[in-house]
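Report on one structure; see the data block that follows.
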Amino acid sequence: MTDAPTAPAADDAPKGLPRVTFIGILVLVVALFLLARGPVWRNPWNADALDSAIFWSYLPIPVLVAIGLAVARRFTIRFLLLETMAIVLLKYAITFSLALVFWAVAGPPPAPAKPPPPPAKTSVPEAPPPPPTPIAPEQRGSVRGVVRGPDAQPVAGVFVYVASGLEAFVFERPTDPIHVENDGHTVRVSDPANKGLALPPSLVVARAGQTILGRSLDGHLHTLVASGDSGGTTFNIPMMSSGVWSTVVVREPAKVSRLRCTVHPDSETPGALVVLDHPFFTATAADGTFKIEGIPASKITLAAFHPTSGDGATDVTITARAEATADLRLEKR
């Protein structure tokens, strides 16, 4: 009696792609890399063509492997993944080696083309400011007074300034900038005590035509937005997280504006900005008194502002070589 033939053990069953099919797929995808966008070796520094050739040579590998396994009746997900990975790795090694050869033979890449020159600026340069109005010392006067709060008590650190009445005069503009910083809690003037005036640090006093520099101190992005009660925006500049200074020039005088950060409106205390076209302003002393000298003789409106105590105004006539008096009462809004 002869023994019946036995089936091959499971471990002896053929696995994966037949060798001829495996080599055929590898040769095909390498050929796609070389020829899909024209002969790669003719211009190996063409990044667009090279990227496209790489993409189209990798894309069909899973499909070709699946077809080869199905024809050989050996398709399983395991074989699909293993054979695809093997061809991808071999293909990468071959094509990268070929690319190194092409780059070595072609020499260094060509220099990039120079960008076209920027268009010539055609903007008309800004006209210089008009010269200051000559005012003789004998045509000037002064005003003295005291500022009281809603409770009739003197208030220190109140900003007192000429709000109107000097529009007919031109005064010299300052050339030094004002530095404003945001520490993550509020905006404040970093100049020493607002040029020596005992004003709240969150009150920025600028002159028309003066430069304002703003920056962030806490490593976060902020904005420096000045807006009036009517909703108009005087300026809006970024305060970069890097701490670099941003610049804005305030061209026109403006009454008290609100300074705020629109990135963190709920967590930061707003400040205030006053822009004047003259140098006649001061701050009240500890007893609420003030004095402004050198005002041209005219009828003016004298105003007072404090971020927490309120504001107020009164009309005053400035007489040459004389001192006027004016008491102001603050009212909260």
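Chain lettering (A, B, ...) mirrors the order of the structure tokens, residue numbering begins at 1 for each chain separately, and ligand numbering begins at 1 in order of display.
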
- [ ] Would you mind listing what lies within 9 Å of Pro137 (chain A) as a ChimeraX atom specification, with only C-alpha atoms counted and same-chain residues fewer than 2 positions away left out?
- [x] /A:135,139-141,294,296,320-321

Given the selection you just returned, output its residues as a file containing C-alpha atoms, formatted as an mmCIF file, in the first residue's frame.
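What landed in selection-v8.cif:
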data_model
loop_
_atom_site.group_PDB
_atom_site.id
_atom_site.type_symbol
_atom_site.label_atom_id
_atom_site.label_comp_id
_atom_site.auth_asym_id
_atom_site.auth_seq_id
_atom_site.Cartn_x
_atom_site.Cartn_y
_atom_site.Cartn_z
ATOM 1 C CA ILE A 135 3.715 136.237 20.187
ATOM 2 C CA GLN A 139 0.862 139.843 24.812
ATOM 3 C CA ARG A 140 0.722 136.887 27.168
ATOM 4 C CA GLY A 141 -0.957 136.224 30.491
ATOM 5 C CA GLY A 294 2.433 132.275 28.865
ATOM 6 C CA PRO A 296 -1.742 134.416 24.499
ATOM 7 C CA ALA A 320 -1.998 140.522 28.615
ATOM 8 C CA ARG A 321 0.432 140.871 31.524
#

Open item on the list: Set the distance at 7 Å and use only C-alpha atoms: which residues neighbour Gly310 (chain A) once local chain neighbours fewer than 6 positions away are removed? I'd like the list as a list in words.
Closed with: Leu330, Glu331, Lys332 and Arg333 of chain A

How would the residues just picked look written out with C-alpha atoms as a CSV table (one decimal), in the first residue's frame?
chain,number,residue,atom,x,y,z
A,330,LEU,CA,-15.2,117.9,38.5
A,331,GLU,CA,-18.4,115.9,37.6
A,332,LYS,CA,-18.5,112.2,37.1
A,333,ARG,CA,-20.1,110.9,33.9

Task: Shell around Gly228 (chain A) at 8 Å using only C-alpha atoms, local window under 5 positions removed, as an MDAnalysis selection string - done: chainID A and resid 233:234 255:258

Task: DSSP-assigned helix (DSSP H, G or I) among region 176-255 of chain A, expressed as a PyMOL selection string - done: chain A and resi 193-196

Open item on the list: For a quick check of understanding, using only C-alpha atoms, which of A:Pro129, A:Trp245, A:Ile77, A:Phe22 has the smallest distance to Leu90 (chain A)?
Closed with: A:Phe22

- [ ] Just the residues within 8 Å of Val88 (chain A), please, counting only C-alpha atoms, with nothing from its chain fewer than 4 positions along; format it as a list in words.
- [x] Tyr58, Ile61, Thr84 and Tyr92 of chain A

Open item on the list: To one decimal place in Å, what is the distance between CA of Glu323 (chain A) and CA of Ala297 (chain A)?
Closed with: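 One can read the CA of Glu323 (chain A) to CA of Ala297 (chain A) distance as 10.6 Å.
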
- [ ] Find the residues around region 38-55 of chain A up to 8 Å (only C-alpha atoms counted), leave out those fewer than 6 positions away in its own chain, and share them as number ranges by chain.
- [x] A: 32, 99, 102-103, 106, 109

Task: Distance of CA of Arg207 (chain A) from CA of Leu328 (chain A), expressed in Å to one decimal place - done: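 So the answer is 23.3 Å.
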
Can I get the residues of region 212-326 of chain A within 7 Å of region 169-180 of chain A, each with the closest pair of atoms and their distance in Å to one decimal, using only C-alpha atoms, sorted chain first then ascending number, as CSV?
residue,atom,partner,partner_atom,distance
A:Ile212,CA,A:Ile178,CA,4.8
A:Leu213,CA,A:His179,CA,4.9
A:Gly214,CA,A:Val180,CA,4.7
A:Arg215,CA,A:Val180,CA,6.7
A:His278,CA,A:Phe171,CA,5.8

Go ahead and write the residues just picked, N, CA and C atoms, as a PDB file, in the first residue's frame.
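Once written, part.pdb looks like this:
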ATOM      1  N   ILE A 212       3.786 108.713  18.565  1.00  0.00           N
ATOM      2  CA  ILE A 212       3.513 107.842  19.700  1.00  0.00           C
ATOM      3  C   ILE A 212       4.066 106.461  19.370  1.00  0.00           C
ATOM      4  N   LEU A 213       4.883 105.927  20.260  1.00  0.00           N
ATOM      5  CA  LEU A 213       5.444 104.590  20.116  1.00  0.00           C
ATOM      6  C   LEU A 213       4.778 103.665  21.128  1.00  0.00           C
ATOM      7  N   GLY A 214       4.334 102.501  20.694  1.00  0.00           N
ATOM      8  CA  GLY A 214       3.670 101.552  21.578  1.00  0.00           C
ATOM      9  C   GLY A 214       4.300 100.178  21.490  1.00  0.00           C
ATOM     10  N   ARG A 215       4.381  99.481  22.635  1.00  0.00           N
ATOM     11  CA  ARG A 215       4.921  98.121  22.627  1.00  0.00           C
ATOM     12  C   ARG A 215       4.304  97.301  23.756  1.00  0.00           C
ATOM     13  N   HIS A 278      -1.233 122.841  21.326  1.00  0.00           N
ATOM     14  CA  HIS A 278      -0.533 123.915  22.034  1.00  0.00           C
ATOM     15  C   HIS A 278       0.112 123.337  23.288  1.00  0.00           C
TER      16      HIS A 278
END

TODO: Can you pull out every residue within 10 Å of His222 (chain A), counting only C-alpha atoms, but drop anything in the same chain fewer than 4 positions away, and send it as a ChimeraX atom specification?
DONE: /A:181-184,187,214-218,237-241,260-265

Open item on the list: Rounded to one decimal, what separation in Å do you get between CA of Ala322 (chain A) and CA of Leu276 (chain A)?
Closed with: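 About the pair CA of Ala322 (chain A) and CA of Leu276 (chain A): they are 23.8 Å apart.
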
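For the set A:Ala285, A:Val143, A:Val155, A:Val244, the residue with the smallest atom-to-atom gap to Ala326 (chain A) is A:Val143, counting only C-alpha atoms.
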
Open item on the list: I want to know what sits within 10 Å of Arg329 (chain A), based on only C-alpha atoms, with residues of the same chain fewer than 2 positions away left out; could you give that as a list in words?
Closed with: Val146, Val147, Arg148, Gly149, Pro150, Asp151, Ala152, Gln153, Pro154, Val155, Ala303, Ala304, Gly310, Asp311, Gly312, Ala313, Thr314, Asp327 and Glu331 of chain A

- [ ] Could you please write out, as number ranges by chain, every residue of region 174-243 of chain A that DSSP assigns to strand (DSSP E or B)?
- [x] A: 178-182, 186-189, 203-207, 210-216, 222-227, 233-239

Open item on the list: Let me make sure I understand: among A:Ala72, A:Ile87, A:Ile295, A:Val29, which one has the smallest atom-to-atom distance to Trp56 (chain A) if we use only C-alpha atoms?
Closed with: A:Val29
